$ cat coords-v8.txt   # compact mmCIF, C-alpha atoms
# COMPACT_ATOMS: atom_id res chain seq x y z
CA MET S 1 71.07 127.63 132.43
CA ASP S 2 70.59 125.55 129.28
CA LEU S 3 73.76 124.96 127.27
CA GLU S 4 71.68 123.94 124.25
CA GLU S 5 70.54 127.54 123.87
CA ASP S 6 74.06 128.98 124.13
CA ILE S 7 75.67 126.70 121.53
CA PRO S 8 75.25 127.93 117.91
CA ALA S 9 73.37 125.65 115.55
CA ASN S 10 76.39 124.86 113.35
CA HIS S 11 79.03 124.80 116.07
CA LEU S 12 81.76 122.15 115.84
CA VAL S 13 80.57 120.64 119.13
CA ARG S 14 77.24 119.76 117.57
CA VAL S 15 79.01 118.11 114.61
CA VAL S 16 81.09 115.99 116.99
CA ASN S 17 78.05 115.13 119.08
CA ALA S 18 76.02 114.08 116.04
CA THR S 19 78.92 111.96 114.77
CA VAL S 20 79.39 110.16 118.09
CA ASN S 21 75.66 109.51 118.43
CA ARG S 22 75.65 107.70 115.09
CA LEU S 23 78.31 105.21 116.26
CA ASP S 24 77.28 101.67 117.09
CA ASP S 25 77.49 101.01 120.85
CA SER S 26 78.77 97.49 120.23
CA ILE S 27 82.24 98.79 119.35
CA PHE S 28 82.53 100.20 122.87
CA ASP S 29 81.39 96.91 124.41
CA VAL S 30 84.32 95.17 122.71
CA ALA S 31 86.85 97.77 123.85
CA TYR S 32 85.61 98.14 127.44
CA LEU S 33 84.76 94.95 129.33
CA GLY S 34 83.54 96.81 132.43
CA GLY S 35 84.17 95.91 136.07
CA GLY S 36 86.03 99.07 136.99
CA ARG S 37 89.23 99.12 139.06
CA ASP S 38 89.87 97.73 142.51
CA SER S 39 90.04 100.23 145.37
CA TYR S 40 93.38 101.07 146.97
CA HIS S 41 94.72 98.50 149.44
CA PRO S 42 97.67 98.94 151.87
CA LYS S 43 99.28 95.82 150.41
CA LEU S 44 99.71 97.76 147.17
CA GLN S 45 102.72 99.53 148.66
CA GLU S 46 104.46 96.22 149.29
CA LYS S 47 103.61 95.09 145.75
CA VAL S 48 105.14 98.30 144.36
CA LYS S 49 108.34 97.64 146.30
CA GLU S 50 108.49 94.12 144.92
CA LEU S 51 107.88 95.50 141.42
CA PHE S 52 110.79 97.94 141.69
CA THR S 53 113.03 95.14 142.91
CA THR S 54 112.02 93.05 139.89
CA ILE S 55 112.67 95.98 137.55
CA GLU S 56 116.16 96.49 138.97
CA LYS S 57 116.97 92.82 138.41
CA ALA S 58 115.58 93.02 134.87
CA GLU S 59 117.73 96.08 134.12
CA GLU S 60 120.82 94.27 135.35
CA GLN S 61 119.95 91.29 133.13
CA ASP S 62 119.38 93.66 130.19
CA ASP S 63 122.80 95.24 130.69
CA LEU S 64 124.34 91.77 130.77
CA GLU S 65 122.60 90.73 127.54
CA HIS S 66 123.31 93.88 125.54
CA GLY S 67 126.75 94.68 126.87
CA SER S 68 128.52 97.90 125.92
CA ASN S 69 127.71 100.32 123.11
CA ASN S 70 130.79 99.37 121.08
CA ASP S 71 130.15 98.20 117.54
CA LEU S 72 130.32 94.50 116.80
CA ALA S 73 133.75 93.51 115.53
CA GLU S 74 134.19 91.77 112.21
CA LEU S 75 133.98 88.00 112.77
CA GLY S 76 135.16 86.77 109.39
CA GLU S 77 134.15 83.15 108.92
CA ALA S 78 132.57 83.15 112.39
CA ALA S 79 129.92 85.63 111.15
CA GLU S 80 127.61 82.67 110.50
CA ILE S 81 127.65 81.77 114.20
CA THR S 82 124.40 82.80 115.87
CA GLY S 83 123.98 83.98 119.43
CA GLU S 84 122.17 80.78 120.33
CA LYS S 85 124.99 78.59 119.00
CA LEU S 86 127.59 80.71 120.74
CA GLU S 87 125.62 80.49 123.99
CA GLN S 88 125.67 76.71 123.78
CA ALA S 89 129.39 76.74 123.05
CA VAL S 90 130.05 78.94 126.08
CA LYS S 91 128.07 76.57 128.30
CA GLN S 92 130.16 73.64 127.05
CA LEU S 93 133.34 75.58 127.82
CA GLU S 94 132.04 76.38 131.29
CA VAL S 95 131.45 72.68 131.89
CA ARG S 96 135.02 71.98 130.81
CA LEU S 97 136.20 74.75 133.11
CA THR S 98 134.64 73.02 136.10
CA GLU S 99 136.64 69.95 135.16
CA GLN S 100 139.84 71.97 134.58
CA PRO S 101 139.66 74.86 137.06
CA GLN S 102 143.40 75.57 136.79
CA SER S 103 143.39 76.13 133.02
CA LYS S 104 144.18 79.83 132.54
CA PRO S 105 143.59 79.88 128.73
CA LEU S 106 140.19 78.29 129.26
CA LYS S 107 139.33 80.82 131.96
CA LYS S 108 140.37 83.67 129.69
CA ALA S 109 138.32 82.32 126.76
CA VAL S 110 135.17 81.83 128.86
CA ARG S 111 135.50 85.29 130.41
CA SER S 112 136.02 86.92 127.00
CA LEU S 113 133.08 85.11 125.42
CA ARG S 114 130.67 85.57 128.33
CA LYS S 115 131.43 89.21 129.11
CA ASP S 116 132.33 90.59 125.68
CA LEU S 117 131.74 88.62 122.48
CA LEU S 118 128.45 86.91 123.32
CA PRO S 119 126.69 90.10 124.56
CA ARG S 120 127.85 91.99 121.49
CA LEU S 121 126.62 89.26 119.13
CA GLN S 122 123.25 89.14 120.91
CA LYS S 123 122.98 92.92 120.68
CA TYR S 124 123.78 92.77 116.97
CA GLU S 125 121.08 90.14 116.36
CA TRP S 126 118.61 92.20 118.39
CA GLN S 127 119.35 95.24 116.22
CA GLN S 128 118.97 93.18 113.06
CA GLY S 129 115.57 92.03 114.30
CA LEU S 130 114.52 95.65 114.82
CA LEU S 131 115.69 96.59 111.33
CA GLY S 132 113.73 93.93 109.47
CA GLU S 133 113.66 95.06 105.82
CA ARG S 134 114.82 98.57 106.73
CA ASN S 135 118.33 99.99 106.61
CA SER S 136 118.09 102.18 109.73
CA PHE S 137 116.17 102.82 112.93
CA SER S 138 116.18 105.44 115.64
CA LYS S 139 117.46 104.70 119.14
CA THR S 140 114.75 106.90 120.65
CA ASP S 141 112.02 105.33 118.50
CA PRO S 142 113.06 101.97 117.03
CA ASP S 143 109.94 101.87 114.81
CA ALA S 144 110.99 105.09 113.05
CA THR S 145 113.21 105.00 109.95
CA PHE S 146 115.68 107.69 108.93
CA MET S 147 114.37 109.62 105.92
CA ARG S 148 115.05 112.81 104.03
CA MET S 149 112.46 115.39 105.00
CA LYS S 150 111.06 118.19 102.86
CA GLU S 151 111.68 120.58 105.73
CA ASP S 152 115.47 120.77 105.63
CA HIS S 153 116.42 123.93 107.50
CA MET S 154 120.14 123.15 107.33
CA ARG S 155 119.90 122.53 103.56
CA ASN S 156 122.34 119.66 103.72
CA GLY S 157 120.01 116.74 103.07
CA GLN S 158 120.26 115.48 106.63
CA LEU S 159 118.32 112.37 107.62
CA LYS S 160 115.74 112.42 110.39
CA PRO S 161 113.73 109.58 111.98
CA GLY S 162 110.15 109.57 110.81
CA TYR S 163 107.24 107.71 109.23
CA ASN S 164 105.80 107.80 105.71
CA VAL S 165 102.13 108.79 105.99
CA GLN S 166 99.82 107.87 103.11
CA VAL S 167 96.37 109.46 102.88
CA GLY S 168 93.46 108.81 100.53
CA THR S 169 90.85 111.56 100.12
CA GLU S 170 87.51 112.21 98.48
CA ASN S 171 86.28 115.81 98.29
CA GLN S 172 89.05 116.64 100.78
CA PHE S 173 87.66 114.21 103.36
CA ILE S 174 90.14 111.57 104.53
CA VAL S 175 88.67 108.16 103.66
CA GLY S 176 91.75 106.13 104.52
CA TYR S 177 95.26 106.44 105.89
CA SER S 178 98.25 104.19 106.43
CA LEU S 179 101.64 104.50 108.10
CA HIS S 180 104.82 103.04 106.62
CA GLN S 181 108.42 102.58 107.71
CA ARG S 182 109.96 102.94 104.25
CA PRO S 183 110.95 106.33 102.80
CA THR S 184 109.87 105.78 99.17
CA ASP S 185 106.22 105.83 98.07
CA THR S 186 106.33 103.13 95.40
CA ARG S 187 105.93 100.15 97.74
CA CYS S 188 103.41 101.96 99.96
CA LEU S 189 100.54 102.04 97.45
CA ILE S 190 99.43 98.39 97.65
CA PRO S 191 99.47 98.16 101.50
CA HIS S 192 97.64 101.50 101.64
CA LEU S 193 94.93 100.38 99.22
CA GLU S 194 94.57 97.06 101.05
CA LYS S 195 93.89 98.95 104.27
CA VAL S 196 91.40 101.24 102.49
CA LYS S 197 89.63 98.17 101.10
CA GLU S 198 89.52 96.65 104.59
CA ILE S 199 87.93 99.81 106.03
CA LEU S 200 85.50 100.67 103.21
CA GLY S 201 84.83 97.16 101.98
CA LYS S 202 85.92 98.01 98.44
CA LEU S 203 88.35 100.13 96.45
CA PRO S 204 87.39 103.31 94.58
CA LYS S 205 86.66 102.89 90.89
CA THR S 206 89.51 105.22 89.90
CA VAL S 207 92.83 105.52 91.73
CA ILE S 208 94.74 108.76 91.16
CA ALA S 209 98.35 109.11 92.32
CA ASP S 210 101.49 111.03 91.38
CA ALA S 211 104.67 109.77 89.75
CA GLY S 212 106.10 108.33 92.97
CA TYR S 213 103.70 105.37 92.70
CA GLY S 214 104.13 104.51 89.01
CA GLY S 215 105.80 101.10 89.29
CA GLU S 216 105.03 97.91 87.38
CA GLU S 217 103.90 96.09 90.52
CA ASN S 218 101.38 98.83 91.33
CA TYR S 219 99.99 98.88 87.79
CA ALA S 220 99.62 95.10 87.87
CA TYR S 221 97.81 95.24 91.22
CA LEU S 222 95.31 97.86 90.01
CA GLU S 223 94.66 95.89 86.82
CA GLN S 224 94.07 92.74 88.86
CA GLU S 225 91.61 94.64 91.07
CA GLU S 226 89.91 95.94 87.89
CA ARG S 227 90.45 99.57 88.86
CA GLU S 228 91.25 102.42 86.53
CA ALA S 229 94.77 103.66 87.20
CA LEU S 230 95.47 107.35 86.73
CA VAL S 231 98.97 106.95 88.10
CA LYS S 232 101.87 108.82 86.56
CA TYR S 233 105.23 107.12 86.03
CA ASN S 234 108.52 108.84 86.76
CA THR S 235 109.22 109.99 83.18
CA PHE S 236 105.68 111.11 82.26
CA HIS S 237 106.37 114.86 82.25
CA LYS S 238 109.89 114.50 80.78
CA GLU S 239 108.47 112.78 77.69
CA ASN S 240 106.91 116.06 76.55
CA SER S 241 110.21 117.94 76.58
CA ARG S 242 112.19 118.58 73.40
CA SER S 243 115.40 117.15 74.85
CA TRP S 244 113.64 113.85 75.63
CA LYS S 245 112.11 113.56 72.16
CA GLN S 246 115.50 114.21 70.55
CA ASP S 247 117.39 111.75 72.77
CA VAL S 248 118.23 108.77 70.51
CA SER S 249 119.23 106.63 73.50
CA LYS S 250 115.67 106.45 74.86
CA ILE S 251 113.76 103.38 73.68
CA ASP S 252 110.57 105.46 73.96
CA ASN S 253 111.77 107.09 70.73
CA TRP S 254 112.35 103.71 69.07
CA THR S 255 109.96 101.47 67.14
CA TYR S 256 108.91 98.02 68.31
CA ARG S 257 107.78 95.47 65.71
CA GLN S 258 105.55 92.95 67.40
CA GLU S 259 105.32 90.56 64.45
CA THR S 260 109.10 90.00 64.41
CA ASP S 261 109.77 90.83 68.09
CA THR S 262 112.48 93.34 67.17
CA TRP S 263 113.31 96.95 67.97
CA MET S 264 114.39 99.59 65.44
CA CYS S 265 116.57 102.49 66.56
CA PRO S 266 116.32 106.03 65.09
CA ASN S 267 119.08 105.17 62.58
CA GLY S 268 117.15 102.17 61.23
CA ARG S 269 119.32 99.49 62.88
CA THR S 270 117.47 96.40 64.11
CA LEU S 271 117.86 94.91 67.57
CA HIS S 272 117.00 91.19 67.73
CA PHE S 273 115.81 89.22 70.73
CA LEU S 274 118.73 87.75 72.68
CA ARG S 275 117.50 86.16 75.91
CA GLU S 276 115.01 86.44 78.74
CA SER S 277 115.42 86.63 82.52
CA LYS S 278 113.33 87.07 85.65
CA GLN S 279 114.08 89.33 88.59
CA LYS S 280 112.35 89.74 91.93
CA ASN S 281 112.14 93.05 93.73
CA GLU S 282 112.22 93.54 97.51
CA SER S 283 108.53 92.74 97.89
CA GLY S 284 108.86 89.48 95.94
CA TYR S 285 107.17 90.72 92.75
CA GLU S 286 108.66 89.03 89.68
CA VAL S 287 109.64 91.18 86.71
CA GLN S 288 110.17 89.50 83.34
CA LEU S 289 112.93 91.15 81.29
CA ARG S 290 113.69 90.64 77.62
CA TYR S 291 117.13 91.46 76.19
CA TYR S 292 117.73 92.73 72.66
CA ARG S 293 121.01 93.39 70.85
CA SER S 294 121.84 95.19 67.65
CA ALA S 295 123.32 93.13 64.81
CA SER S 296 125.90 95.87 64.23
CA CYS S 297 126.39 99.46 65.40
CA GLU S 298 129.50 99.94 63.26
CA GLY S 299 129.50 103.23 61.36
CA CYS S 300 126.38 104.57 63.14
CA PRO S 301 126.58 108.39 63.48
CA PHE S 302 124.50 108.22 66.69
CA LYS S 303 126.78 105.72 68.45
CA LYS S 304 128.30 108.16 70.96
CA ARG S 305 124.92 109.70 71.75
CA CYS S 306 123.18 106.32 71.96
CA SER S 307 125.49 104.27 74.17
CA LYS S 308 128.79 104.50 76.03
CA ALA S 309 129.45 100.77 75.62
CA GLN S 310 132.25 99.66 73.30
CA GLY S 311 130.29 96.94 71.52
CA ASP S 312 126.86 96.83 69.91
CA ARG S 313 123.88 98.39 71.71
CA GLU S 314 121.98 96.06 74.03
CA ILE S 315 118.77 96.88 75.88
CA LYS S 316 116.63 95.12 78.47
CA VAL S 317 112.90 95.77 78.49
CA SER S 318 109.93 94.78 80.61
CA MET S 319 107.22 94.47 77.98
CA ALA S 320 104.54 94.35 80.68
CA TYR S 321 105.73 97.66 82.15
CA LEU S 322 105.79 99.27 78.71
CA GLY S 323 102.19 98.16 78.21
CA TYR S 324 101.11 99.55 81.56
CA LYS S 325 102.83 102.87 80.81
CA ALA S 326 101.13 103.10 77.42
CA LYS S 327 97.71 102.63 79.03
CA ALA S 328 98.50 105.15 81.78
CA ARG S 329 99.77 107.65 79.19
CA GLU S 330 96.57 107.35 77.18
CA ARG S 331 94.37 107.87 80.24
CA LEU S 332 96.41 110.76 81.62
CA ARG S 333 96.43 112.64 78.31
CA SER S 334 92.68 112.30 77.82
CA GLU S 335 90.41 115.19 78.77
CA GLU S 336 89.00 113.33 81.77
CA GLY S 337 92.49 112.28 82.86
CA ARG S 338 93.75 115.88 82.81
CA GLU S 339 90.78 117.05 84.88
CA LEU S 340 91.25 114.31 87.47
CA SER S 341 95.01 114.92 87.65
CA VAL S 342 94.42 118.61 88.33
CA ARG S 343 91.80 117.71 90.92
CA ARG S 344 94.30 115.50 92.74
CA MET S 345 96.48 118.55 93.35
CA VAL S 346 93.71 120.29 95.30
CA GLU S 347 92.53 117.09 96.96
CA VAL S 348 95.22 115.44 99.05
CA GLU S 349 97.70 118.32 98.97
CA SER S 350 95.09 120.63 100.50
CA VAL S 351 94.53 118.14 103.30
CA PHE S 352 98.24 118.05 104.15
CA GLY S 353 98.34 121.84 103.91
CA GLN S 354 95.48 122.17 106.40
CA ILE S 355 97.07 119.77 108.89
CA LYS S 356 100.67 120.98 108.63
CA ASN S 357 100.45 124.70 107.90
CA ASN S 358 97.03 125.90 109.07
CA ARG S 359 96.91 123.72 112.19
CA GLY S 360 100.65 123.66 112.85
CA PHE S 361 101.07 119.89 113.16
CA ARG S 362 104.55 119.20 111.79
CA ARG S 363 105.87 116.43 113.99
CA PHE S 364 104.43 113.50 115.91
CA LEU S 365 104.11 113.77 119.66
CA LEU S 366 104.19 110.01 120.37
CA ARG S 367 106.67 107.23 119.66
CA GLY S 368 106.18 103.74 118.31
CA LEU S 369 104.26 102.62 115.24
CA PRO S 370 100.99 101.75 117.08
CA LYS S 371 100.87 105.08 118.94
CA VAL S 372 101.82 107.17 115.92
CA SER S 373 99.21 105.33 113.86
CA LEU S 374 96.61 106.21 116.48
CA GLU S 375 97.80 109.82 116.36
CA VAL S 376 97.26 109.94 112.60
CA GLU S 377 93.82 108.42 113.09
CA TRP S 378 92.84 111.17 115.53
CA LEU S 379 94.24 113.82 113.17
CA SER S 380 92.16 112.38 110.32
CA LEU S 381 89.02 112.34 112.46
CA ALA S 382 89.58 115.93 113.61
CA HIS S 383 90.18 117.06 110.03
CA ASN S 384 86.96 115.44 108.80
CA LEU S 385 84.90 116.92 111.63
CA LEU S 386 86.29 120.40 111.05
CA LYS S 387 85.66 120.01 107.33
CA ARG S 388 82.08 118.95 108.00
CA ALA S 389 81.53 121.89 110.35
CA ALA S 390 82.93 124.34 107.77
CA ILE S 391 80.57 123.00 105.10
CA SER S 392 77.61 123.32 107.48
CA GLN S 393 78.49 126.95 108.16
CA GLN S 394 78.78 127.66 104.44
CA VAL S 395 75.37 126.09 103.79
CA LYS S 396 73.84 128.17 106.59
CA ALA S 397 75.37 131.36 105.19
CA VAL S 398 73.95 130.61 101.73
CA CYS S 399 70.50 129.88 103.15
CA GLN S 400 70.48 133.18 105.08
CA GLU S 401 71.22 135.09 101.88
$ encode --input "coords-v8.txt" --output "structure tokens"
Amino acid sequence: MDLEEDIPANHLVRVVNATVNRLDDSIFDVAYLGGGRDSYHPKLQEKVKELFTTIEKAEEQDDLEHGSNNDLAELGEAAEITGEKLEQAVKQLEVRLTEQPQSKPLKKAVRSLRKDLLPRLQKYEWQQGLLGERNSFSKTDPDATFMRMKEDHMRNGQLKPGYNVQVGTENQFIVGYSLHQRPTDTRCLIPHLEKVKEILGKLPKTVIADAGYGGEENYAYLEQEEREALVKYNTFHKENSRSWKQDVSKIDNWTYRQETDTWMCPNGRTLHFLRESKQKNESGYEVQLRYYRSASCEGCPFKKRCSKAQGDREIKVSMAYLGYKAKARERLRSEEGRELSVRRMVEVESVFGQIKNNRGFRRFLLRGLPKVSLEVEWLSLAHNLLKRAAISQQVKAVCQE
């Protein structure tokens, strides 16, 4: 019996086999060093017993270090004390206790610190280390962050632990993916593109993304990499509405005079430059802000619609961000930009639709960032192979006609 004869020419198995055969064997040499495993030996049973004894001791030590599940009490000025410093202080008190064994207050203080306060402080520092730059983590999967999911069956905006998966596609093939522990997309673009560049050796000529990625830092990164950015900003679609165009409070409806570095509001009042400041976001990117203030808003009929402040209108503007938005607006409203924006809808969204709806994968089966990342990698590989097999079958059907 020859299996080659029973397997259809365009079967998925053949696609997988051809893909594996094209891989370089050297990657397997790095992963598998050879040598095999040692055969079973009777002494293994004794080693297992010793291992379980060690585990029990480690669990007892872990309980001692982490203490109870009660929340850490407010320490006031002592909040600056670290677990290491407190540990040293407790050891000094224990030395004093050996010198004064009859001191009841000293006994009580050492017992309270050693059995209660110190374990709670160490547990708090351990939790802070797990958090990192995040504001939450799951007890069942510390690498997961609580996020609002699109699938909200209770319709109450409940938070669930999860990961933010970013995928880059070309002709509905996944060319790169990345996994993130932050719920918003804005700060995921640069790490995602860096990983794509590491895998492919370069970035695509044009990067297309939706409004969730339209931040100044992302625009600056794409300009530095000399890549065309077809990335919408959060107010791109609102700018075409009548209510937006008639809103006198929006500086998008104002006029900027570059020669005098002033702004003119819809009522013809001039806002002069006041001062300049710099701000850093969470990733360390520095934003340069310029402040402008009107000479006088007295008697302006648009005052109530323009600002709720009592005094004259003051605005702060990132001129770099305005420039990036102007370039993005011009590209997006061009004929090519419209075509590529429409194409993005059927590119990456179709890939997520195939994985989540058609193949029923709606939640990860593993825990931990490394394992979940590997799971996404296997999903991407399976998707690409199935896509390749489907194209092969379509080509065969066309040739038969």
$ closest_residue --input "coords-v8.txt" --among "S:Cys297, S:Leu113, S:Ile355, S:Leu222" --to "Tyr324 (chain S)" --atoms "only C-alpha atoms"
S:Leu222
$ residues_around --input "coords-v8.txt" --residues "Tyr233 (chain S)" --least-positions-apart "3" --cutoff "8 Å" --atoms "all atoms listed in the file" --output "JSON, numbers by chain"
{"S": [210, 211, 212, 213, 214, 215, 236, 325]}
$ residues_around --input "coords-v8.txt" --residues "Arg344 (chain S)" --least-positions-apart "3" --cutoff "9 Å" --atoms "all atoms listed in the file" --output "PyMOL selection string"
chain S and resi 208-210+339-341+347-349
$ atom_distance --input "coords-v8.txt" --atom1 "CA of Ile174 (chain S)" --atom2 "CA of Tyr219 (chain S)"
23.2 Å
$ closest_residue --input "coords-v8.txt" --among "S:Val196, S:Met319, S:Val20, S:Met345" --to "Gln258 (chain S)" --atoms "all atoms listed in the file"
S:Met319
$ atom_distance --input "coords-v8.txt" --atom1 "CA of Glu239 (chain S)" --atom2 "CA of Ala220 (chain S)"
22.2 Å
